[in-house]
$ cat target31.tsv   # TSV, C-alpha atoms
chain	number	residue	atom	x	y	z
A	54	MET	CA	5.48	9.43	14.34
A	55	ASN	CA	5.91	8.26	17.90
A	56	ASP	CA	7.54	11.21	19.70
A	57	ASN	CA	9.18	8.83	22.17
A	58	LYS	CA	11.10	7.14	19.37
A	59	LYS	CA	14.55	8.68	18.99
A	60	ILE	CA	15.76	8.95	15.41
A	61	PRO	CA	19.44	8.05	15.25
A	62	ASP	CA	21.89	10.59	13.86
A	63	SER	CA	23.16	7.84	11.57
A	64	LEU	CA	19.91	8.00	9.58
A	65	GLU	CA	20.59	11.63	8.65
A	66	ILE	CA	24.26	10.85	8.04
A	67	MET	CA	23.34	8.05	5.63
A	68	ARG	CA	20.71	10.23	3.93
A	69	LYS	CA	23.29	12.92	3.25
A	70	PHE	CA	25.89	10.35	2.17
A	71	SER	CA	23.41	8.81	-0.29
A	72	GLU	CA	22.59	12.16	-1.87
A	73	VAL	CA	26.22	13.19	-2.22
A	74	TYR	CA	27.27	9.79	-3.57
A	75	ALA	CA	24.45	9.76	-6.14
A	76	GLN	CA	25.44	13.23	-7.33
A	77	ARG	CA	29.14	12.38	-7.43
A	78	THR	CA	28.61	9.17	-9.39
A	79	GLY	CA	25.82	10.38	-11.69
A	80	THR	CA	23.44	7.75	-10.34
A	81	PHE	CA	19.83	8.17	-9.29
A	82	PHE	CA	17.44	6.94	-6.62
A	83	CYS	CA	14.68	4.47	-7.38
A	84	ILE	CA	11.40	5.89	-8.71
A	85	ASP	CA	9.80	4.28	-5.65
A	86	LEU	CA	11.34	6.37	-2.88
A	87	SER	CA	10.15	3.90	-0.25
A	88	VAL	CA	12.86	1.57	-1.60
A	89	THR	CA	15.42	4.33	-1.11
A	90	SER	CA	14.13	5.02	2.40
A	91	VAL	CA	14.29	1.41	3.52
A	92	VAL	CA	17.82	0.94	2.17
A	93	ILE	CA	19.04	4.13	3.87
A	94	GLU	CA	17.44	2.97	7.12
A	95	GLY	CA	19.19	-0.40	6.79
A	96	LEU	CA	22.54	1.27	6.16
A	97	ALA	CA	22.03	3.48	9.22
A	98	LYS	CA	21.14	0.51	11.43
A	99	HIS	CA	24.26	-1.35	10.32
A	100	LYS	CA	26.35	1.77	10.88
A	101	ASP	CA	24.99	1.94	14.44
A	102	GLU	CA	25.45	-1.79	15.11
A	103	TYR	CA	28.75	-2.45	13.35
A	104	GLY	CA	30.37	0.94	12.85
A	105	LEU	CA	30.09	0.83	9.06
A	106	PRO	CA	27.16	0.80	6.61
A	107	LEU	CA	27.05	-2.84	5.57
A	108	CYS	CA	24.73	-3.48	2.62
A	109	PRO	CA	21.32	-4.27	4.16
A	110	CYS	CA	20.02	-6.21	1.17
A	111	ARG	CA	22.12	-9.32	1.55
A	112	HIS	CA	22.19	-12.25	3.95
A	113	TYR	CA	25.39	-12.71	5.94
A	114	GLU	CA	26.41	-15.64	8.13
A	115	ASP	CA	28.69	-13.31	10.13
A	116	LYS	CA	28.03	-9.58	9.79
A	117	VAL	CA	31.06	-8.61	11.87
A	118	LYS	CA	33.32	-10.58	9.53
A	119	GLU	CA	31.64	-9.04	6.48
A	120	VAL	CA	32.09	-5.52	7.84
A	121	SER	CA	35.79	-6.14	8.43
A	122	SER	CA	36.27	-7.47	4.89
A	123	ALA	CA	34.79	-4.18	3.56
A	124	TYR	CA	33.53	-5.79	0.34
A	125	TRP	CA	29.83	-5.16	1.06
A	126	ASN	CA	30.25	-1.90	2.98
A	127	CYS	CA	28.38	0.85	1.13
A	128	PRO	CA	29.39	1.80	-1.44
A	129	CYS	CA	30.22	-1.85	-2.06
A	130	VAL	CA	32.86	-3.08	-4.47
A	131	PRO	CA	30.37	-3.82	-7.30
A	132	MET	CA	29.05	-0.27	-6.98
A	133	ARG	CA	32.48	1.32	-6.92
A	134	GLU	CA	33.80	-0.76	-9.80
A	135	ARG	CA	30.78	-1.16	-12.10
A	136	LYS	CA	28.00	1.07	-10.72
A	137	GLU	CA	25.96	-2.04	-9.87
A	138	CYS	CA	23.84	-1.53	-6.76
A	139	HIS	CA	22.01	-4.66	-5.63
A	140	CYS	CA	19.86	-2.55	-3.25
A	141	MET	CA	18.63	-0.24	-6.01
A	142	LEU	CA	19.82	2.76	-4.03
A	143	PHE	CA	22.15	4.02	-6.75
A	144	LEU	CA	20.87	3.38	-10.25
A	145	LYS	CA	22.28	4.27	-13.66
A	146	SER	CA	20.02	6.58	-15.66
A	147	SER	CA	19.45	3.75	-18.14
A	148	ASN	CA	17.86	1.55	-15.46
A	149	GLU	CA	14.09	1.31	-15.92
A	150	PHE	CA	13.59	1.91	-12.18
A	151	ALA	CA	15.78	5.02	-12.00
A	152	SER	CA	14.20	8.35	-11.24
A	153	GLN	CA	15.83	11.63	-12.11
A	154	GLY	CA	16.18	12.35	-8.39
A	155	GLN	CA	19.32	12.47	-6.32
A	156	GLN	CA	17.70	13.86	-3.19
A	157	ILE	CA	15.36	12.52	-0.55
A	158	SER	CA	14.03	14.45	2.41
A	159	PHE	CA	14.46	13.28	5.96
A	160	ALA	CA	10.67	13.60	6.38
A	161	ASN	CA	10.12	11.29	3.42
A	162	ILE	CA	12.40	8.65	4.91
A	163	ILE	CA	10.65	8.81	8.29
A	164	LYS	CA	7.24	8.52	6.60
A	165	ASP	CA	8.35	5.48	4.60
A	166	ILE	CA	10.00	3.54	7.41
A	167	GLU	CA	7.28	3.86	10.01

$ encode --input "target31.tsv" --output "structure tokens"
Amino acid sequence: MNDNKKIPDSLEIMRKFSEVYAQRTGTFFCIDLSVTSVVIEGLAKHKDEYGLPLCPCRHYEDKVKEVSSAYWNCPCVPMRERKECHCMLFLKSSNEFASQGQQISFANIIKDIE
């Protein structure tokens, strides 16, 4: 890792949020943890840029407007209502891509996003 590159606190905040939310909802991370890492990084970037973790897996014409509507802020409405996560961050155990894991190390995220 480039030592000059500062890792934002939001990355650790979103990592911890993801673990707690998965445990609380009985959902699991993807078997490919690089997917989990990239989604957490995207949430952290949006949290830094817009103040809230807007879903990073969708296209938005106006991200500021989307953040203020709160529909796609993680956990998004489909996740809260039906446990449907478009990003594959939070998966039901019945999903073929679900692991049995609800934790991811900070080191693993850094490795995957570099």

$ atom_distance --input "target31.tsv" --atom1 "CA of Cys127 in chain A" --atom2 "CA of Gln153 in chain A"
21.2 Å

$ atom_distance --input "target31.tsv" --atom1 "CA of Asp165 in chain A" --atom2 "CA of Phe70 in chain A"
18.4 Å

$ atom_distance --input "target31.tsv" --atom1 "CA of Glu137 in chain A" --atom2 "CA of Arg77 in chain A"
15.0 Å

$ closest_residue --input "target31.tsv" --among "A:Thr78, A:Ser121, A:Ser146, A:Ser87" --to "Ile162 in chain A" --atoms "all atoms listed in the file"
A:Ser87

$ residues_around --input "target31.tsv" --residues "Glu102 in chain A" --least-positions-apart "3" --cutoff "12 Å" --atoms "only C-alpha atoms" --output "NGL selection string"
:A and (61 or 63 or 95-99 or 105-107 or 109 or 116-117 or 120)

$ closest_residue --input "target31.tsv" --among "A:Lys145, A:Cys110, A:Asn126, A:Val73" --to "Val88 in chain A" --atoms "only C-alpha atoms"
A:Cys110

$ closest_residue --input "target31.tsv" --among "A:Glu119, A:His139, A:Pro131, A:Glu65" --to "Gly104 in chain A" --atoms "all atoms listed in the file"
A:Glu119

$ closest_residue --input "target31.tsv" --among "A:Cys129, A:Leu64, A:Cys108, A:Leu142" --to "Thr80 in chain A" --atoms "all atoms listed in the file"
A:Leu142

$ residues_near_point --input "target31.tsv" --point "(14.5, 5.6, -8.1)" --cutoff "7 Å" --atoms "all atoms listed in the file" --output "PyMOL selection string"
chain A and resi 81-86+150-152+154

$ closest_residue --input "target31.tsv" --among "A:Ala75, A:Ala160, A:Met67, A:Met141" --to "Ile93 in chain A" --atoms "only C-alpha atoms"
A:Met67

$ closest_residue --input "target31.tsv" --among "A:Lys164, A:Lys136, A:Lys118, A:His112" --to "Thr89 in chain A" --atoms "only C-alpha atoms"
A:Lys164
